[in-house]
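**Student:** What follows is final.txt; its format and atoms are compact mmCIF, C-alpha atoms.
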# COMPACT_ATOMS: atom_id res chain seq x y z
CA MET C 1 -22.06 2.53 -5.07
CA THR C 2 -19.89 2.59 -1.94
CA GLN C 3 -21.71 3.46 1.29
CA ILE C 4 -19.76 4.77 4.27
CA GLY C 5 -21.38 5.26 7.65
CA GLU C 6 -24.99 4.73 8.67
CA ILE C 7 -27.86 6.79 10.01
CA GLY C 8 -29.15 4.61 12.83
CA LEU C 9 -27.55 7.13 15.22
CA PRO C 10 -27.02 10.86 14.59
CA GLY C 11 -24.31 11.22 12.00
CA VAL C 12 -23.43 11.38 8.31
CA GLN C 13 -23.79 8.64 5.69
CA ALA C 14 -21.85 9.06 2.45
CA ASN C 15 -22.77 7.30 -0.80
CA ILE C 16 -19.95 7.36 -3.38
CA ASP C 17 -20.92 6.66 -6.98
CA SER C 18 -18.45 6.11 -9.81
CA ASP C 19 -19.45 8.92 -12.09
CA ARG C 20 -17.07 11.56 -13.42
CA SER C 21 -19.88 14.09 -13.28
CA PHE C 22 -19.84 12.89 -9.85
CA SER C 23 -5.45 18.91 2.11
CA ILE C 24 -7.90 20.85 0.07
CA ALA C 25 -6.90 24.32 1.34
CA ASP C 26 -5.82 22.87 4.67
CA GLY C 27 -3.80 20.02 3.19
CA ALA C 28 -3.85 17.42 0.41
CA PRO C 29 -3.85 13.68 1.14
CA ASP C 30 -0.21 13.41 2.15
CA ASP C 31 0.17 11.56 5.46
CA VAL C 32 2.02 8.26 5.10
CA GLY C 33 1.78 5.27 7.44
CA LEU C 34 4.53 2.63 7.02
CA VAL C 35 4.59 -0.85 8.57
CA GLY C 36 7.75 -2.91 8.47
CA GLU C 37 10.52 -4.97 10.07
CA ALA C 38 12.87 -3.17 12.45
CA ASP C 39 15.95 -3.86 14.53
CA LEU C 40 14.25 -3.24 17.86
CA SER C 41 17.23 -4.57 19.83
CA ASN C 42 19.12 -1.48 18.67
CA GLY C 43 16.22 0.97 18.58
CA THR C 44 13.99 2.61 21.16
CA ALA C 45 10.67 1.72 19.53
CA GLU C 46 8.25 -0.93 20.70
CA ALA C 47 6.47 -3.28 18.34
CA ASN C 48 2.87 -2.45 17.39
CA THR C 49 3.28 1.16 18.52
CA VAL C 50 3.01 3.97 15.99
CA TYR C 51 5.58 6.77 16.03
CA GLU C 52 5.55 10.09 14.20
CA ILE C 53 8.93 10.39 12.50
CA ASN C 54 10.15 13.79 11.32
CA THR C 55 13.84 13.24 10.59
CA GLN C 56 16.08 10.49 9.23
CA GLY C 57 18.02 10.47 12.48
CA GLU C 58 14.84 9.88 14.44
CA ALA C 59 14.03 6.88 12.20
CA LYS C 60 17.42 5.35 13.02
CA GLU C 61 17.02 6.05 16.74
CA ARG C 62 13.60 4.41 16.84
CA PHE C 63 14.06 1.44 14.50
CA GLY C 64 17.80 0.73 14.29
CA ALA C 65 20.41 1.26 11.59
CA ARG C 66 19.29 1.41 7.97
CA SER C 67 21.43 -1.62 7.09
CA ASP C 68 19.59 -3.80 9.64
CA SER C 69 16.06 -2.40 9.46
CA GLN C 70 13.74 -2.34 6.48
CA LEU C 71 11.47 0.06 8.36
CA THR C 72 14.29 2.55 8.95
CA LYS C 73 15.31 2.37 5.30
CA ASN C 74 11.77 2.88 4.02
CA VAL C 75 10.93 5.70 6.44
CA GLN C 76 14.15 7.50 5.51
CA ASP C 77 13.40 7.05 1.80
CA ALA C 78 9.88 8.45 2.24
CA LEU C 79 11.29 11.48 4.05
CA GLN C 80 13.97 11.96 1.39
CA VAL C 81 11.34 12.06 -1.36
CA GLY C 82 9.40 14.72 0.56
CA ALA C 83 6.83 13.06 2.82
CA TYR C 84 6.54 14.81 6.19
CA PRO C 85 5.93 13.50 8.74
CA VAL C 86 5.91 9.71 8.35
CA TYR C 87 3.97 7.51 10.76
CA ALA C 88 5.77 4.22 11.33
CA CYS C 89 5.02 0.98 13.16
CA ALA C 90 7.43 -1.92 13.69
CA THR C 91 6.28 -5.51 13.46
CA GLU C 92 6.58 -7.86 16.42
CA GLU C 93 9.02 -10.76 16.22
CA LYS C 94 7.58 -14.16 17.11
CA THR C 95 9.15 -17.60 17.29
CA ALA C 96 7.68 -20.73 15.71
CA THR C 97 8.48 -24.41 15.35
CA ASP C 98 7.22 -26.34 12.32
CA ASP C 99 6.92 -30.11 12.22
CA LEU C 100 8.42 -31.32 8.93
CA GLN C 101 7.90 -35.06 9.36
CA ASP C 102 5.28 -35.09 6.57
CA LEU C 103 7.69 -33.47 4.08
CA SER C 104 7.87 -35.90 1.16
CA GLY C 105 10.40 -34.05 -1.00
CA THR C 106 12.95 -31.30 -0.72
CA SER C 107 10.63 -28.30 -1.24
CA GLY C 108 8.17 -26.80 1.21
CA ASN C 109 6.70 -23.74 2.88
CA LEU C 110 7.17 -22.63 6.46
CA ASP C 111 3.91 -22.04 8.31
CA ASN C 112 4.70 -18.39 9.08
CA SER C 113 6.34 -15.63 7.07
CA PRO C 114 8.05 -13.29 6.48
CA ILE C 115 11.07 -14.77 8.26
CA LYS C 116 13.71 -12.80 10.09
CA PRO C 117 16.71 -12.99 7.70
CA ASP C 118 19.19 -13.91 10.43
CA ALA C 119 20.63 -17.41 10.12
CA SER C 120 21.42 -17.49 13.85
CA THR C 121 17.68 -17.48 14.60
CA VAL C 122 16.95 -20.52 12.38
CA THR C 123 17.39 -24.16 13.36
CA PHE C 124 16.45 -26.42 10.46
CA LYS C 125 16.80 -30.17 11.06
CA ILE C 126 16.26 -33.11 8.73
CA ASP C 127 16.74 -36.60 10.22
CA GLY C 128 18.15 -34.85 13.28
CA THR C 129 20.90 -33.15 11.28
CA SER C 130 21.06 -29.34 11.42
CA LYS C 131 21.18 -27.52 8.10
CA SER C 132 23.05 -24.31 7.31
CA THR C 133 20.58 -21.60 6.29
CA VAL C 134 21.03 -19.54 3.14
CA PHE C 135 18.50 -16.77 2.59
CA THR C 136 17.35 -15.81 -0.88
CA LEU C 137 14.72 -13.69 -2.61
CA ASP C 138 14.66 -16.09 -5.56
CA ASP C 139 12.44 -19.15 -5.76
CA PRO C 140 14.34 -21.67 -3.59
CA SER C 141 13.24 -24.55 -5.84
CA THR C 142 15.59 -23.14 -8.50
CA LYS C 143 18.56 -23.53 -6.14
CA SER C 144 20.82 -26.52 -5.58
CA PRO C 145 21.67 -26.65 -1.87
CA GLY C 146 25.02 -28.07 -0.90
CA THR C 147 25.36 -30.86 1.62
CA ASP C 148 23.42 -30.00 4.79
CA GLU C 149 22.19 -26.68 3.38
CA VAL C 150 18.70 -25.21 3.15
CA TYR C 151 17.69 -22.22 1.03
CA ILE C 152 14.87 -20.13 2.52
CA ASN C 153 13.02 -17.26 0.87
CA HIS C 154 12.62 -15.04 3.92
CA VAL C 155 9.69 -13.11 2.45
CA ASN C 156 7.29 -15.93 1.56
CA GLY C 157 8.72 -18.80 3.65
CA LYS C 158 9.41 -21.19 0.76
CA TYR C 159 12.43 -23.44 1.20
CA GLU C 160 14.58 -26.01 -0.59
CA VAL C 161 16.62 -28.49 1.45
CA ASP C 162 19.46 -30.70 0.24
CA ALA C 163 17.69 -34.00 1.00
CA ALA C 164 14.19 -35.16 1.92
CA PRO C 165 13.54 -36.72 5.35
CA SER C 166 14.10 -40.46 5.44
CA ASP C 167 12.75 -41.48 8.85
CA GLY C 168 9.51 -39.43 9.14
CA THR C 169 10.04 -38.75 12.85
CA ASP C 170 10.09 -35.72 15.11
CA ASN C 171 13.73 -35.28 14.12
CA ASP C 172 12.45 -33.14 11.22
CA THR C 173 11.75 -29.60 12.47
CA ALA C 174 12.25 -25.95 11.65
CA GLU C 175 12.59 -23.35 14.39
CA TYR C 176 12.69 -19.72 13.32
CA THR C 177 11.65 -16.14 14.03
CA HIS C 178 9.00 -14.41 11.91
CA PHE C 179 7.40 -10.98 11.71
CA ASP C 180 3.72 -10.37 12.58
CA TYR C 181 2.58 -7.83 10.00
CA THR C 182 -1.14 -8.30 10.61
CA SER C 183 -1.01 -6.99 14.18
CA ALA C 184 1.20 -4.03 13.19
CA ILE C 185 -1.10 -3.08 10.32
CA GLN C 186 -4.09 -3.18 12.64
CA ALA C 187 -2.17 -1.14 15.21
CA MET C 188 -1.50 1.54 12.59
CA GLY C 189 -5.20 1.71 11.78
CA ASP C 190 -6.24 1.81 15.43
CA GLN C 191 -3.72 4.45 16.48
CA GLU C 192 -3.45 6.74 13.42
CA GLY C 193 -6.35 5.73 11.16
CA GLU C 194 -7.84 9.21 11.41
CA THR C 195 -4.54 10.76 10.29
CA ILE C 196 -2.99 8.69 7.52
CA ASP C 197 -4.00 8.93 3.85
CA ILE C 198 -1.60 6.20 2.64
CA LEU C 199 -0.96 2.90 4.43
CA ALA C 200 2.03 1.00 3.05
CA SER C 201 3.43 -2.42 3.92
CA VAL C 202 7.11 -3.19 3.35
CA THR C 203 6.51 -6.90 2.68
CA GLU C 204 5.03 -8.62 -0.39
CA GLU C 205 4.01 -11.68 1.66
CA THR C 206 0.50 -12.74 0.65
CA SER C 207 -1.33 -12.90 3.99
CA SER C 208 0.24 -9.61 5.11
CA VAL C 209 -0.90 -7.82 1.96
CA GLU C 210 -4.35 -9.36 2.45
CA ALA C 211 -4.36 -7.94 5.98
CA LEU C 212 -3.46 -4.53 4.54
CA LYS C 213 -6.43 -4.69 2.18
CA ASP C 214 -8.75 -5.69 5.02
CA GLU C 215 -7.50 -2.81 7.15
CA VAL C 216 -8.00 -0.04 4.58
CA LEU C 217 -11.54 -1.35 3.96
CA ARG C 218 -12.18 -1.38 7.73
CA LEU C 219 -10.91 2.17 8.00
CA GLU C 220 -13.20 3.22 5.15
CA ASP C 221 -16.22 1.97 7.12
CA ASN C 222 -15.33 4.55 9.78
CA PHE C 223 -14.75 7.48 7.39
CA ASN C 224 -10.97 7.06 7.66
CA LEU C 225 -9.97 6.95 4.00
CA ALA C 226 -6.58 5.56 3.00
CA LEU C 227 -4.93 4.02 -0.04
CA GLY C 228 -3.09 0.75 0.66
CA LEU C 229 0.31 0.21 -1.03
CA ALA C 230 2.26 -3.03 -1.30
CA GLY C 231 4.31 -5.18 -3.63
CA ALA C 232 2.46 -7.67 -5.82
CA GLY C 233 5.04 -10.42 -5.30
CA LEU C 234 8.69 -11.40 -5.64
CA ASN C 235 9.19 -13.66 -8.67
CA ILE C 236 6.11 -13.19 -10.82
CA VAL C 237 5.61 -14.83 -14.18
CA THR C 238 3.69 -11.89 -15.57
CA ALA C 239 1.80 -13.86 -18.23
CA ASP C 240 0.32 -16.06 -15.49
CA TYR C 241 -0.38 -13.37 -12.91
CA SER C 242 -3.90 -12.51 -11.77
CA ASN C 243 -4.55 -9.61 -9.40
CA PRO C 244 -6.20 -11.03 -6.25
CA PHE C 245 -8.01 -7.78 -5.41
CA ASP C 246 -10.82 -5.74 -6.90
CA THR C 247 -10.88 -2.47 -5.01
CA SER C 248 -9.69 1.09 -5.52
CA ARG C 249 -8.47 1.07 -1.92
CA MET C 250 -5.39 -0.96 -2.96
CA GLN C 251 -2.46 -0.29 -5.27
CA LEU C 252 0.10 -3.01 -6.00
CA LEU C 253 3.54 -2.56 -7.60
CA TYR C 254 6.03 -4.94 -9.22
CA PRO C 255 8.91 -5.37 -8.75
CA THR C 256 9.52 -3.70 -5.38
CA ARG C 257 12.97 -4.92 -4.31
CA THR C 258 16.38 -3.52 -5.18
CA ASP C 259 19.38 -5.66 -6.10
CA SER C 260 20.39 -5.63 -2.42
CA GLY C 261 16.93 -6.87 -1.38
CA ASP C 262 15.60 -3.61 0.06
CA SER C 263 11.98 -2.60 -0.46
CA ILE C 264 11.18 0.56 -2.44
CA ILE C 265 7.64 0.89 -1.05
CA GLY C 266 8.62 3.68 1.35
CA ALA C 267 10.09 5.77 -1.47
CA TYR C 268 6.97 5.25 -3.59
CA ALA C 269 4.68 6.12 -0.68
CA GLY C 270 6.69 9.29 -0.12
CA LEU C 271 6.39 10.22 -3.80
CA ARG C 272 2.65 9.54 -3.75
CA ALA C 273 2.24 11.73 -0.66
CA THR C 274 4.42 14.53 -2.01
CA LEU C 275 2.40 14.76 -5.23
CA GLY C 276 -0.88 14.58 -3.32
CA ILE C 277 -3.85 15.38 -5.56
CA SER C 278 -1.90 17.67 -7.86
CA GLU C 279 -0.30 15.02 -10.07
CA SER C 280 -0.17 11.30 -10.81
CA THR C 281 2.85 9.09 -10.09
CA MET C 282 2.60 7.88 -13.70
CA ARG C 283 6.06 7.93 -15.36
CA LYS C 284 7.61 9.60 -12.33
CA ARG C 285 11.01 8.38 -11.21
CA ILE C 286 13.03 8.30 -8.00
CA ARG C 287 16.59 9.16 -8.87
CA PHE C 288 18.32 7.82 -5.76
CA LEU C 289 16.96 4.32 -6.45
CA ASP C 290 19.30 2.97 -9.12
CA SER C 291 17.40 -0.18 -10.06
CA VAL C 292 15.09 -2.98 -9.00
CA ARG C 293 16.16 -6.64 -9.04
CA LYS C 294 13.87 -7.66 -11.89
CA THR C 295 13.98 -5.95 -15.29
CA LEU C 296 10.58 -6.10 -16.96
CA THR C 297 10.24 -6.52 -20.71
CA GLU C 298 7.67 -4.43 -22.56
CA SER C 299 5.47 -7.53 -22.60
CA ASP C 300 5.87 -7.88 -18.83
CA LYS C 301 4.87 -4.25 -18.31
CA LYS C 302 1.77 -4.65 -20.44
CA ASN C 303 0.82 -7.83 -18.58
CA MET C 304 1.10 -6.16 -15.19
CA ASP C 305 -0.67 -3.01 -16.31
CA ALA C 306 -3.51 -5.16 -17.69
CA GLU C 307 -3.80 -6.75 -14.24
CA ASN C 308 -3.92 -3.30 -12.60
CA VAL C 309 -0.44 -3.48 -11.09
CA VAL C 310 2.04 -0.59 -11.36
CA PRO C 311 5.01 -1.77 -13.48
CA VAL C 312 8.31 -0.52 -12.03
CA GLU C 313 10.96 0.15 -14.68
CA ASN C 314 14.72 0.09 -14.53
CA ARG C 315 15.46 3.43 -16.17
CA SER C 316 18.42 5.77 -15.91
CA PRO C 317 18.55 7.88 -13.85
CA GLY C 318 16.44 6.12 -11.22
CA VAL C 319 13.54 3.65 -11.26
CA ARG C 320 10.33 4.81 -12.95
CA PHE C 321 6.68 3.97 -12.32
CA ARG C 322 5.09 3.30 -15.68
CA SER C 323 1.39 3.69 -14.77
CA ASP C 324 -0.86 4.44 -11.81
CA PRO C 325 -3.66 1.82 -11.57
CA THR C 326 -5.57 0.82 -8.48
CA CYS C 327 -6.83 -2.76 -8.19
CA VAL C 328 -10.16 -2.15 -9.93
CA SER C 329 -11.31 -4.71 -12.49
CA ASP C 330 -13.20 -3.93 -15.68
CA GLU C 331 -16.30 -5.54 -14.15
CA ASN C 332 -16.28 -3.28 -11.08
CA THR C 333 -18.68 -0.61 -12.29
CA ASP C 334 -18.96 0.98 -8.82
CA GLU C 335 -15.32 2.10 -8.89
CA GLN C 336 -14.50 2.62 -12.57
CA ASN C 337 -13.65 6.26 -12.02
CA MET C 338 -11.26 5.45 -9.20
CA ARG C 339 -9.14 3.16 -11.38
CA ASP C 340 -6.01 5.25 -10.85
CA GLY C 341 -4.36 6.31 -7.63
CA LEU C 342 -4.74 10.03 -8.30
CA SER C 343 -8.50 9.77 -8.84
CA ARG C 344 -8.87 7.66 -5.69
CA LEU C 345 -7.18 10.36 -3.61
CA ILE C 346 -9.18 13.17 -5.23
CA VAL C 347 -12.49 11.42 -4.52
CA ASP C 348 -11.32 10.80 -0.95
CA ALA C 349 -10.55 14.50 -0.53
CA ILE C 350 -14.01 15.45 -1.81
CA THR C 351 -15.70 12.86 0.41
CA MET C 352 -13.92 14.19 3.49
CA VAL C 353 -14.88 17.78 2.68
CA VAL C 354 -18.55 16.86 2.48
CA HIS C 355 -18.35 14.68 5.58
CA GLU C 356 -16.49 17.20 7.74
CA VAL C 357 -18.77 20.10 6.83
CA SER C 358 -21.93 18.01 7.27
CA GLU C 359 -20.74 16.74 10.66
CA ASP C 360 -20.54 20.29 11.96
CA PHE C 361 -24.28 20.73 11.36
CA ILE C 362 -25.41 17.60 13.25
CA GLY C 363 -27.48 18.80 16.24
CA LYS C 364 -28.25 22.24 14.79
CA LEU C 365 -31.76 23.31 13.85
CA HIS C 366 -32.96 21.67 10.63
CA SER C 367 -33.85 24.98 9.02
CA GLU C 368 -33.55 26.31 5.49
CA ASP C 369 -30.99 28.85 6.70
CA ASN C 370 -28.74 26.11 8.07
CA ARG C 371 -29.13 24.00 4.92
CA ASN C 372 -28.14 27.01 2.83
CA ALA C 373 -25.16 27.64 5.10
CA MET C 374 -24.05 24.01 4.73
CA ARG C 375 -24.31 24.31 0.95
CA ALA C 376 -22.28 27.54 0.91
CA ILE C 377 -19.45 26.08 3.01
CA ILE C 378 -19.19 22.90 0.92
CA SER C 379 -19.28 24.98 -2.26
CA LYS C 380 -16.43 27.17 -1.01
CA ARG C 381 -14.29 24.17 -0.16
CA LEU C 382 -14.94 22.53 -3.53
CA SER C 383 -14.15 25.75 -5.38
CA GLU C 384 -10.66 25.50 -3.90
CA LEU C 385 -10.29 22.14 -5.63
CA VAL C 386 -11.34 23.73 -8.90
CA GLU C 387 -8.65 26.37 -8.45
CA ARG C 388 -6.10 23.60 -7.95
CA ASN C 389 -7.27 21.86 -11.16
CA ALA C 390 -8.17 18.66 -9.29
CA VAL C 391 -11.85 19.19 -10.17
CA GLU C 392 -13.21 20.56 -13.43
CA ALA C 393 -16.72 21.39 -12.23
CA TYR C 394 -19.22 20.57 -9.51
CA THR C 395 -22.87 20.91 -8.53
CA ILE C 396 -24.32 20.84 -5.04
CA SER C 397 -27.79 20.85 -3.52
CA VAL C 398 -28.91 20.52 0.10
CA THR C 399 -32.57 19.65 0.56
CA GLU C 400 -34.90 18.41 3.28
CA GLN C 401 -35.62 14.68 3.14
CA ASP C 402 -37.69 14.58 6.33
CA ALA C 403 -37.90 16.44 9.62
CA TYR C 404 -34.61 14.99 10.84
CA THR C 405 -32.68 14.33 7.64
CA ALA C 406 -31.04 16.51 5.00
CA ASP C 407 -29.99 15.30 1.55
CA VAL C 408 -26.60 16.62 0.37
CA ASN C 409 -26.09 15.85 -3.31
CA VAL C 410 -22.69 16.67 -4.76
CA GLY C 411 -21.80 16.05 -8.40
CA VAL C 412 -18.12 16.41 -9.26
CA GLU C 413 -16.30 16.09 -12.55
CA THR C 414 -12.82 14.96 -11.56
CA VAL C 415 -9.70 15.54 -13.61
CA LYS C 416 -8.04 12.36 -14.92
CA PRO C 417 -4.28 11.96 -15.41
CA LEU C 418 -3.11 12.14 -19.02
CA ARG C 419 -2.22 8.56 -19.95
CA ASN C 420 -1.50 8.69 -23.69
CA VAL C 421 -0.60 11.24 -26.36
CA ILE C 422 -1.04 10.49 -30.06
CA ALA C 423 1.39 12.69 -31.94
CA ASN C 424 0.93 13.05 -35.71
CA VAL C 425 3.90 14.59 -37.51
CA THR C 426 3.64 15.35 -41.22
CA ALA C 427 6.77 15.99 -43.26
CA GLY C 428 6.29 18.22 -46.26
CA GLU C 429 4.83 21.55 -47.17
CA VAL C 430 3.03 23.27 -44.29
CA GLU C 431 0.22 25.63 -45.20
For the file at hand, write its structure as structure tokens.
**Tutor:**
Amino acid sequence: MTQIGEIGLPGVQANIDSDRSFSIADGAPDDVGLVGEADLSNGTAEANTVYEINTQGEAKERFGARSDSQLTKNVQDALQVGAYPVYACATEEKTATDDLQDLSGTSGNLDNSPIKPDASTVTFKIDGTSKSTVFTLDDPSTKSPGTDEVYINHVNGKYEVDAAPSDGTDNDTAEYTHFDYTSAIQAMGDQEGETIDILASVTEETSSVEALKDEVLRLEDNFNLALGLAGAGLNIVTADYSNPFDTSRMQLLYPTRTDSGDSIIGAYAGLRATLGISESTMRKRIRFLDSVRKTLTESDKKNMDAENVVPVENRSPGVRFRSDPTCVSDENTDEQNMRDGLSRLIVDAITMVVHEVSEDFIGKLHSEDNRNAMRAIISKRLSELVERNAVEAYTISVTEQDAYTADVNVGVETVKPLRNVIANVTAGEVE
């Protein structure tokens, strides 16, 4: 059972059980929050400030040209799919200097990532000799740097240099600029947590995705319900992959980069928001995205689906999302019925209906008439979900627990997305 809120002070506490027998008219869950890297030197936005973006031109004005700004690209993609508006927050750029004198080989990890993919902002020295920086999304250890070259994966900070240090002195350093996703994610929650239904991060970098998970769980504690979206990684060996999360508040995808290195998270978030609680993203495609940089085999897709990660397919026309899992493990009995993104959003919509209606009665007389009125309003709102086919049936009771407390018990049978069809075709005489 998930408990949101507390009753130490006047207010509403919601207990969410995973039971199928468990927006709305004024709007489905469809407000997207995007956090990403921007070209702030050519945009009017400030880092860690959330902006409501309504047009593609406004995205460019705020965050720089699409070619130089992952945030611009992802906001524009979300708008193109149908999300409106999009709330966007640019990450702050910070500089760092790493001491590499303990590097014993040619491979390592920078202390901070993701890295700004601009070679002019990187000074990498081994034995006092500066190295030319080559950025890659591949595993740098698979590269063979030329003389005085270093390959850096700008997403996760891994690097491969042409030669290991020989003197072990302070002549071995890396100076670079990196993006602070954690602060931007927290800024999104602080400034628009009451508005957004989907919080998406453009990067796949591990600590940033962890920060995203922490933020959506923090928002949940305050009755601000959002689904977190991010990439599961860059170069995953699917047979060895294990999902690090066990919560219906997160949904991971793989792969999430195009051949040119752009993230597709904004487009997926826009699709998710456009469909709302009317339909799953399962087997939906985005036609203007030609392909992703990794082509998954059927075995890869099964491996990722088994680990509750959305497999992204290279299909013509446009990439396709094979399934719709949230990061809920088989052992997580509390959230079994929120194992797909659609169900998570439907339960969120129901929870907010009950919470919003109940809040309006705090401070009123605790009378049978008011309890009946509360029941009638909640029932009316839930009946609208039945009409939209998001809910099959529901029950509701409002009773007196004590002189100051009312019990609102809502049982809802949610509609699940159709995952499989078994078609039996018989050739021969038909009677």
**Student:** Skipping near chain neighbours, those fewer than 6 positions away, what residues fall within 9 Å of segment 134-150 of chain C using only C-alpha atoms, listed as a PyMOL selection string?
**Tutor:** chain C and resi 106-108+117-119+124+126+156+158-163+234-235+261
**Student:** In Å to one decimal, how far is atom CA of Arg320 of chain C from atom CA of Arg388 of chain C?
**Tutor:**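 One can read the atom CA of Arg388 of chain C to atom CA of Arg320 of chain C distance as 25.5 Å.
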**Student:** Using atom CA of Thr55 of chain C and atom CA of Gly36 of chain C as the two end points, give the distance in Å to one decimal.
**Tutor:**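 A separation of 17.4 Å between them.
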**Student:** To one decimal place in Å, what is the distance between atom CA of Tyr87 of chain C and atom CA of Ala200 of chain C?
**Tutor:**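 These atoms are spaced 10.3 Å apart.
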**Student:** Restricting the calculation to only C-alpha atoms: of C:Asp77, C:Ala47, C:Tyr176, C:Gly57, which residue gets closest to Thr95 of chain C?
**Tutor:**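 Checking each candidate against Thr95 of chain C, we get C:Tyr176 as the closest.
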**Student:** Neighbouring residues of Asp330 of chain C were defined as those with any atom within 12 Å, considering only C-alpha atoms; residues of the same chain fewer than 5 positions away were excluded. Please report them as a ChimeraX atom specification.
**Tutor:** /C:246-248,306-308,325,335-339
**Student:** Store the residues of this selection in a file with C-alpha atoms, as a short mmCIF file (atom, residue, chain, number, x, y, z; two decimals), keeping the file's coordinate frame.
**Tutor:**
data_model
loop_
_atom_site.label_atom_id
_atom_site.label_comp_id
_atom_site.auth_asym_id
_atom_site.auth_seq_id
_atom_site.Cartn_x
_atom_site.Cartn_y
_atom_site.Cartn_z
CA ASP C 246 -10.82 -5.74 -6.90
CA THR C 247 -10.88 -2.47 -5.01
CA SER C 248 -9.69 1.09 -5.52
CA ALA C 306 -3.51 -5.16 -17.69
CA GLU C 307 -3.80 -6.75 -14.24
CA ASN C 308 -3.92 -3.30 -12.60
CA PRO C 325 -3.66 1.82 -11.57
CA GLU C 335 -15.32 2.10 -8.89
CA GLN C 336 -14.50 2.62 -12.57
CA ASN C 337 -13.65 6.26 -12.02
CA MET C 338 -11.26 5.45 -9.20
CA ARG C 339 -9.14 3.16 -11.38
#
**Student:** Nearest to Ile350 of chain C: which of C:Gly105, C:Gly43, C:Gly128, C:Gly411 is it, counting all atoms listed in the file?
**Tutor:**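 Of the candidates, the smallest distance to Ile350 of chain C is held by C:Gly411.
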**Student:** From the list C:Gln80, C:Thr405, C:Thr281, C:Gln186, which residue is nearest Leu365 of chain C when using all atoms listed in the file?
**Tutor:**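 The shortest atom-to-atom distance to Leu365 of chain C comes from C:Thr405.
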**Student:** For Glu210 of chain C, list every protein, DNA or RNA residue within 12 Å, evaluated using all atoms listed in the file, and leave out those in the same chain fewer than 3 positions away; present the list as a list in words.
**Tutor:**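 Neighbouring residues, sequence-local ones excluded: Tyr181, Thr182, Ile185, Gln186, Ser201, Thr203, Glu204, Glu205, Thr206, Ser207, Lys213, Asp214, Glu215, Val216, Leu217, Gly228, Leu229, Ala230, Gly231, Ala232, Asn243, Pro244, Phe245, Asp246, Met250 and Leu252 of chain C.
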**Student:** Could you take the residues named above and write them with C-alpha atoms, as a CSV table (one decimal), in the coordinates of the input?
**Tutor:**
chain,number,residue,atom,x,y,z
C,181,TYR,CA,2.6,-7.8,10.0
C,182,THR,CA,-1.1,-8.3,10.6
C,185,ILE,CA,-1.1,-3.1,10.3
C,186,GLN,CA,-4.1,-3.2,12.6
C,201,SER,CA,3.4,-2.4,3.9
C,203,THR,CA,6.5,-6.9,2.7
C,204,GLU,CA,5.0,-8.6,-0.4
C,205,GLU,CA,4.0,-11.7,1.7
C,206,THR,CA,0.5,-12.7,0.6
C,207,SER,CA,-1.3,-12.9,4.0
C,213,LYS,CA,-6.4,-4.7,2.2
C,214,ASP,CA,-8.8,-5.7,5.0
C,215,GLU,CA,-7.5,-2.8,7.2
C,216,VAL,CA,-8.0,0.0,4.6
C,217,LEU,CA,-11.5,-1.4,4.0
C,228,GLY,CA,-3.1,0.8,0.7
C,229,LEU,CA,0.3,0.2,-1.0
C,230,ALA,CA,2.3,-3.0,-1.3
C,231,GLY,CA,4.3,-5.2,-3.6
C,232,ALA,CA,2.5,-7.7,-5.8
C,243,ASN,CA,-4.6,-9.6,-9.4
C,244,PRO,CA,-6.2,-11.0,-6.2
C,245,PHE,CA,-8.0,-7.8,-5.4
C,246,ASP,CA,-10.8,-5.7,-6.9
C,250,MET,CA,-5.4,-1.0,-3.0
C,252,LEU,CA,0.1,-3.0,-6.0
**Student:** List the residues sitting within 12 Å of (-21.6, 19.7, -11.2) in the file's frame, using all atoms listed in the file, as number ranges by chain.
**Tutor:** C: 19-22, 379, 382-383, 386, 391-397, 409-414
**Student:** Tell me, as a VMD selection string, which residues lie within 9 Å of Gly266 of chain C, counting all atoms listed in the file; anything in the same chain fewer than 2 positions away does not count.
**Tutor:** chain C and resid 32 34 71 73 to 79 200 to 202 263 to 264 268 to 271
**Student:** Rank nothing, just name the residue among C:Asp99, C:Glu192, C:Asp167, C:Asp127 nearest to Asp31 of chain C, using all atoms listed in the file.
**Tutor:**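 Ranking C:Asp99, C:Glu192, C:Asp167, C:Asp127 by distance to Asp31 of chain C, first place goes to C:Glu192.
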**Student:** Using all atoms listed in the file, pick whichever of C:Gly64, C:Gly276, C:Pro317, C:Pro165 has the shortest atom-to-atom distance to Ala349 of chain C.
**Tutor:**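 Looking at the shortest contact to Ala349 of chain C, the residue is C:Gly276.
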**Student:** Name all residues at most 9 Å from Ser69 of chain C (count all atoms listed in the file; drop same-chain ones fewer than 6 positions away) and give them as a tab-separated table (two decimals) with C-alpha atoms, in the frame of the given file.
**Tutor:**
chain	number	residue	atom	x	y	z
C	36	GLY	CA	7.75	-2.91	8.47
C	37	GLU	CA	10.52	-4.97	10.07
C	38	ALA	CA	12.87	-3.17	12.45
C	39	ASP	CA	15.95	-3.86	14.53
C	40	LEU	CA	14.25	-3.24	17.86
C	60	LYS	CA	17.42	5.35	13.02
C	63	PHE	CA	14.06	1.44	14.50
